[in-house]
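S.K.: Got a structure for you, data-v6.cif, holding mmCIF, C-alpha atoms.
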```cif
data_entry
loop_
_atom_site.group_PDB
_atom_site.id
_atom_site.type_symbol
_atom_site.label_atom_id
_atom_site.label_comp_id
_atom_site.auth_asym_id
_atom_site.auth_seq_id
_atom_site.Cartn_x
_atom_site.Cartn_y
_atom_site.Cartn_z
ATOM 1 C CA GLN A 1 104.079 100.199 105.357
ATOM 2 C CA VAL A 2 102.017 101.833 102.635
ATOM 3 C CA GLN A 3 101.862 105.603 102.825
ATOM 4 C CA LEU A 4 99.533 107.896 100.916
ATOM 5 C CA VAL A 5 100.247 111.583 100.506
ATOM 6 C CA GLU A 6 97.393 113.745 99.258
ATOM 7 C CA SER A 7 97.573 117.266 97.907
ATOM 8 C CA GLY A 8 95.551 119.825 95.999
ATOM 9 C CA GLY A 9 92.639 120.688 98.252
ATOM 10 C CA GLY A 10 91.607 124.226 99.060
ATOM 11 C CA LEU A 11 88.965 126.918 98.849
ATOM 12 C CA VAL A 12 87.346 127.609 95.484
ATOM 13 C CA GLN A 13 84.337 129.541 94.282
ATOM 14 C CA PRO A 14 81.329 127.763 92.788
ATOM 15 C CA GLY A 15 82.026 126.865 89.180
ATOM 16 C CA GLY A 16 85.749 126.647 89.804
ATOM 17 C CA SER A 17 88.176 123.772 89.473
ATOM 18 C CA LEU A 18 90.639 121.886 91.628
ATOM 19 C CA ARG A 19 92.941 118.963 91.015
ATOM 20 C CA LEU A 20 93.703 116.477 93.767
ATOM 21 C CA ALA A 21 96.689 114.136 93.745
ATOM 22 C CA CYS A 22 97.559 111.119 95.858
ATOM 23 C CA ALA A 23 100.959 109.455 95.740
ATOM 24 C CA ALA A 24 101.367 105.953 97.156
ATOM 25 C CA SER A 25 104.651 104.534 98.397
ATOM 26 C CA GLY A 26 105.948 101.579 100.352
ATOM 27 C CA SER A 27 103.865 98.820 98.784
ATOM 28 C CA ARG A 28 105.586 95.484 98.167
ATOM 29 C CA PHE A 29 102.805 94.458 95.800
ATOM 30 C CA ARG A 30 101.264 95.773 92.643
ATOM 31 C CA ILE A 31 98.731 98.465 93.355
ATOM 32 C CA ALA A 32 95.302 97.262 92.295
ATOM 33 C CA SER A 33 92.551 99.850 92.585
ATOM 34 C CA MET A 34 92.962 103.535 93.356
ATOM 35 C CA GLY A 35 90.198 105.970 94.087
ATOM 36 C CA TRP A 36 88.694 108.899 95.930
ATOM 37 C CA TYR A 37 86.020 109.103 98.596
ATOM 38 C CA ARG A 38 84.642 112.090 100.478
ATOM 39 C CA GLN A 39 82.931 112.843 103.747
ATOM 40 C CA ALA A 40 80.932 115.966 104.450
ATOM 41 C CA PRO A 41 80.136 117.067 108.027
ATOM 42 C CA GLY A 42 77.364 114.949 109.489
ATOM 43 C CA LYS A 43 77.344 112.539 106.556
ATOM 44 C CA GLN A 44 78.800 109.139 105.816
ATOM 45 C CA ARG A 45 81.878 108.682 103.678
ATOM 46 C CA GLU A 46 80.875 108.128 100.059
ATOM 47 C CA LEU A 47 82.544 106.997 96.867
ATOM 48 C CA VAL A 48 83.482 109.763 94.447
ATOM 49 C CA ALA A 49 85.466 107.947 91.754
ATOM 50 C CA THR A 50 87.570 104.819 91.442
ATOM 51 C CA MET A 51 89.785 103.087 88.911
ATOM 52 C CA PRO A 52 89.501 99.372 89.743
ATOM 53 C CA THR A 53 91.784 97.972 87.044
ATOM 54 C CA GLY A 54 93.337 99.166 83.830
ATOM 55 C CA ASP A 55 91.501 102.163 82.441
ATOM 56 C CA SER A 56 88.061 101.345 83.825
ATOM 57 C CA THR A 57 86.437 104.036 85.955
ATOM 58 C CA ASN A 58 83.486 104.357 88.301
ATOM 59 C CA TYR A 59 81.863 107.639 89.312
ATOM 60 C CA ALA A 60 79.193 108.700 91.731
ATOM 61 C CA ASP A 61 76.171 109.994 89.837
ATOM 62 C CA SER A 62 76.566 113.380 91.522
ATOM 63 C CA VAL A 63 79.979 113.989 89.917
ATOM 64 C CA LYS A 64 79.580 112.392 86.490
ATOM 65 C CA GLY A 65 80.481 114.813 83.731
ATOM 66 C CA ARG A 66 82.246 117.171 86.156
ATOM 67 C CA PHE A 67 85.020 115.076 87.742
ATOM 68 C CA ALA A 68 87.656 112.934 86.042
ATOM 69 C CA ILE A 69 89.886 110.360 87.699
ATOM 70 C CA SER A 70 93.204 109.272 86.239
ATOM 71 C CA ARG A 71 96.290 107.425 87.412
ATOM 72 C CA ASP A 72 99.989 107.347 86.631
ATOM 73 C CA ASN A 73 101.066 103.781 87.300
ATOM 74 C CA ALA A 74 104.759 104.605 86.946
ATOM 75 C CA ARG A 75 104.434 107.074 89.822
ATOM 76 C CA ASN A 76 101.747 105.150 91.770
ATOM 77 C CA THR A 77 99.736 108.343 91.747
ATOM 78 C CA VAL A 78 96.027 108.924 91.287
ATOM 79 C CA TYR A 79 94.484 112.262 90.342
ATOM 80 C CA LEU A 80 91.019 113.746 90.575
ATOM 81 C CA GLN A 81 90.252 116.669 88.292
ATOM 82 C CA MET A 82 87.212 118.478 89.648
ATOM 83 C CA ASN A 83 85.431 120.991 87.416
ATOM 84 C CA SER A 84 82.216 122.985 87.788
ATOM 85 C CA LEU A 85 82.448 122.632 91.547
ATOM 86 C CA LYS A 86 79.329 123.145 93.622
ATOM 87 C CA PRO A 87 78.890 124.018 97.317
ATOM 88 C CA GLU A 88 77.601 120.486 97.876
ATOM 89 C CA ASP A 89 81.019 119.163 96.817
ATOM 90 C CA THR A 90 82.457 120.599 100.031
ATOM 91 C CA ALA A 91 83.954 117.732 102.022
ATOM 92 C CA LEU A 92 87.096 116.064 103.235
ATOM 93 C CA TYR A 93 88.399 114.029 100.307
ATOM 94 C CA TYR A 94 90.226 110.759 100.993
ATOM 95 C CA CYS A 95 92.448 108.753 98.726
ATOM 96 C CA ASN A 96 91.976 104.966 98.821
ATOM 97 C CA VAL A 97 94.440 102.395 97.526
ATOM 98 C CA ARG A 98 94.120 98.611 97.493
ATOM 99 C CA THR A 99 97.270 96.546 97.348
ATOM 100 C CA GLY A 100 98.432 93.217 98.708
ATOM 101 C CA GLY A 101 94.891 92.335 99.746
ATOM 102 C CA ALA A 102 94.524 95.358 102.015
ATOM 103 C CA ALA A 103 92.989 98.821 101.726
ATOM 104 C CA TYR A 104 94.750 101.998 102.760
ATOM 105 C CA TRP A 105 93.463 105.530 103.320
ATOM 106 C CA GLY A 106 95.104 108.904 103.048
ATOM 107 C CA GLN A 107 94.812 111.521 105.762
ATOM 108 C CA GLY A 108 92.271 113.543 103.783
ATOM 109 C CA THR A 109 92.423 116.882 102.026
ATOM 110 C CA GLN A 110 89.760 119.542 102.536
ATOM 111 C CA VAL A 111 87.821 120.906 99.580
ATOM 112 C CA THR A 112 85.601 123.900 100.284
ATOM 113 C CA VAL A 113 83.380 125.409 97.610
ATOM 114 C CA SER A 114 82.055 128.771 98.670
ATOM 115 C CA SER A 115 81.615 132.307 97.409
#
```
Show the structure stored in the file as structure tokens.

M.R.:
Amino acid sequence: QVQLVESGGGLVQPGGSLRLACAASGSRFRIASMGWYRQAPGKQRELVATMPTGDSTNYADSVKGRFAISRDNARNTVYLQMNSLKPEDTALYYCNVRTGGAAYWGQGTQVTVSS
């Protein structure tokens, strides 16, 4: 059973920074893609950033230049460095991992950007 443990959310003022982490365990297969999604109240879940394979990255237009995704394959961990945070970045952030032909989600970590 694949388990994802997220950490790093919290309350930050506009213009501040946060770093999210998601550690995956229990997979019998190589972990393929790792990424982050978010869901704000009343809105659909949306892609924030993903690393499909190797060092390639994909970002939502709204976070390009402010967020950076990275992964530590030895630790099966994916990170999301979030800089210049805006109130509209407030959401529940979910880690997503694809392995063994299946997709898994973390429990979500809340990010609130407010003064």

S.K.: Since I can't run it myself right now, could you work out what the PyMOL selection byres ((chain A and resi 15) around 8) selects here and report it as an MDAnalysis selection string?

M.R.: chainID A and resid 13:14 16:17 83:86

S.K.: Please, what distance in Å, to one decimal, runs between atom CA of A:Thr50 and atom CA of A:Ser33?

M.R.: 7.1 Å

S.K.: Skipping near chain neighbours, those fewer than 5 positions away, what residues fall within 9 Å of A:Gly8 using all atoms listed in the file, listed as a ChimeraX atom specification?

M.R.: /A:18-22,109-111

S.K.: Name the closest residue to A:Gly26 among the candidates A:Lys43, A:Gln1, A:Gly106, A:Val12; distances are taken between atoms, counting all atoms listed in the file.

M.R.: A:Gln1

S.K.: Please provide the set of residues having any atom within 12 Å of A:Arg28, restricted to only C-alpha atoms, with same-chain residues fewer than 4 positions apart removed, written as a PDB file with C-alpha atoms, keeping the file's coordinate frame.

M.R.:
```pdb
ATOM      1  CA  GLN A   1     104.079 100.199 105.357  1.00  0.00           C
ATOM      2  CA  VAL A   2     102.017 101.833 102.635  1.00  0.00           C
ATOM      3  CA  GLN A   3     101.862 105.603 102.825  1.00  0.00           C
ATOM      4  CA  ALA A  24     101.367 105.953  97.156  1.00  0.00           C
ATOM      5  CA  ALA A  32      95.302  97.262  92.295  1.00  0.00           C
ATOM      6  CA  ARG A  98      94.120  98.611  97.493  1.00  0.00           C
ATOM      7  CA  THR A  99      97.270  96.546  97.348  1.00  0.00           C
ATOM      8  CA  GLY A 100      98.432  93.217  98.708  1.00  0.00           C
ATOM      9  CA  GLY A 101      94.891  92.335  99.746  1.00  0.00           C
ATOM     10  CA  ALA A 102      94.524  95.358 102.015  1.00  0.00           C
TER      11      ALA A 102
END
```
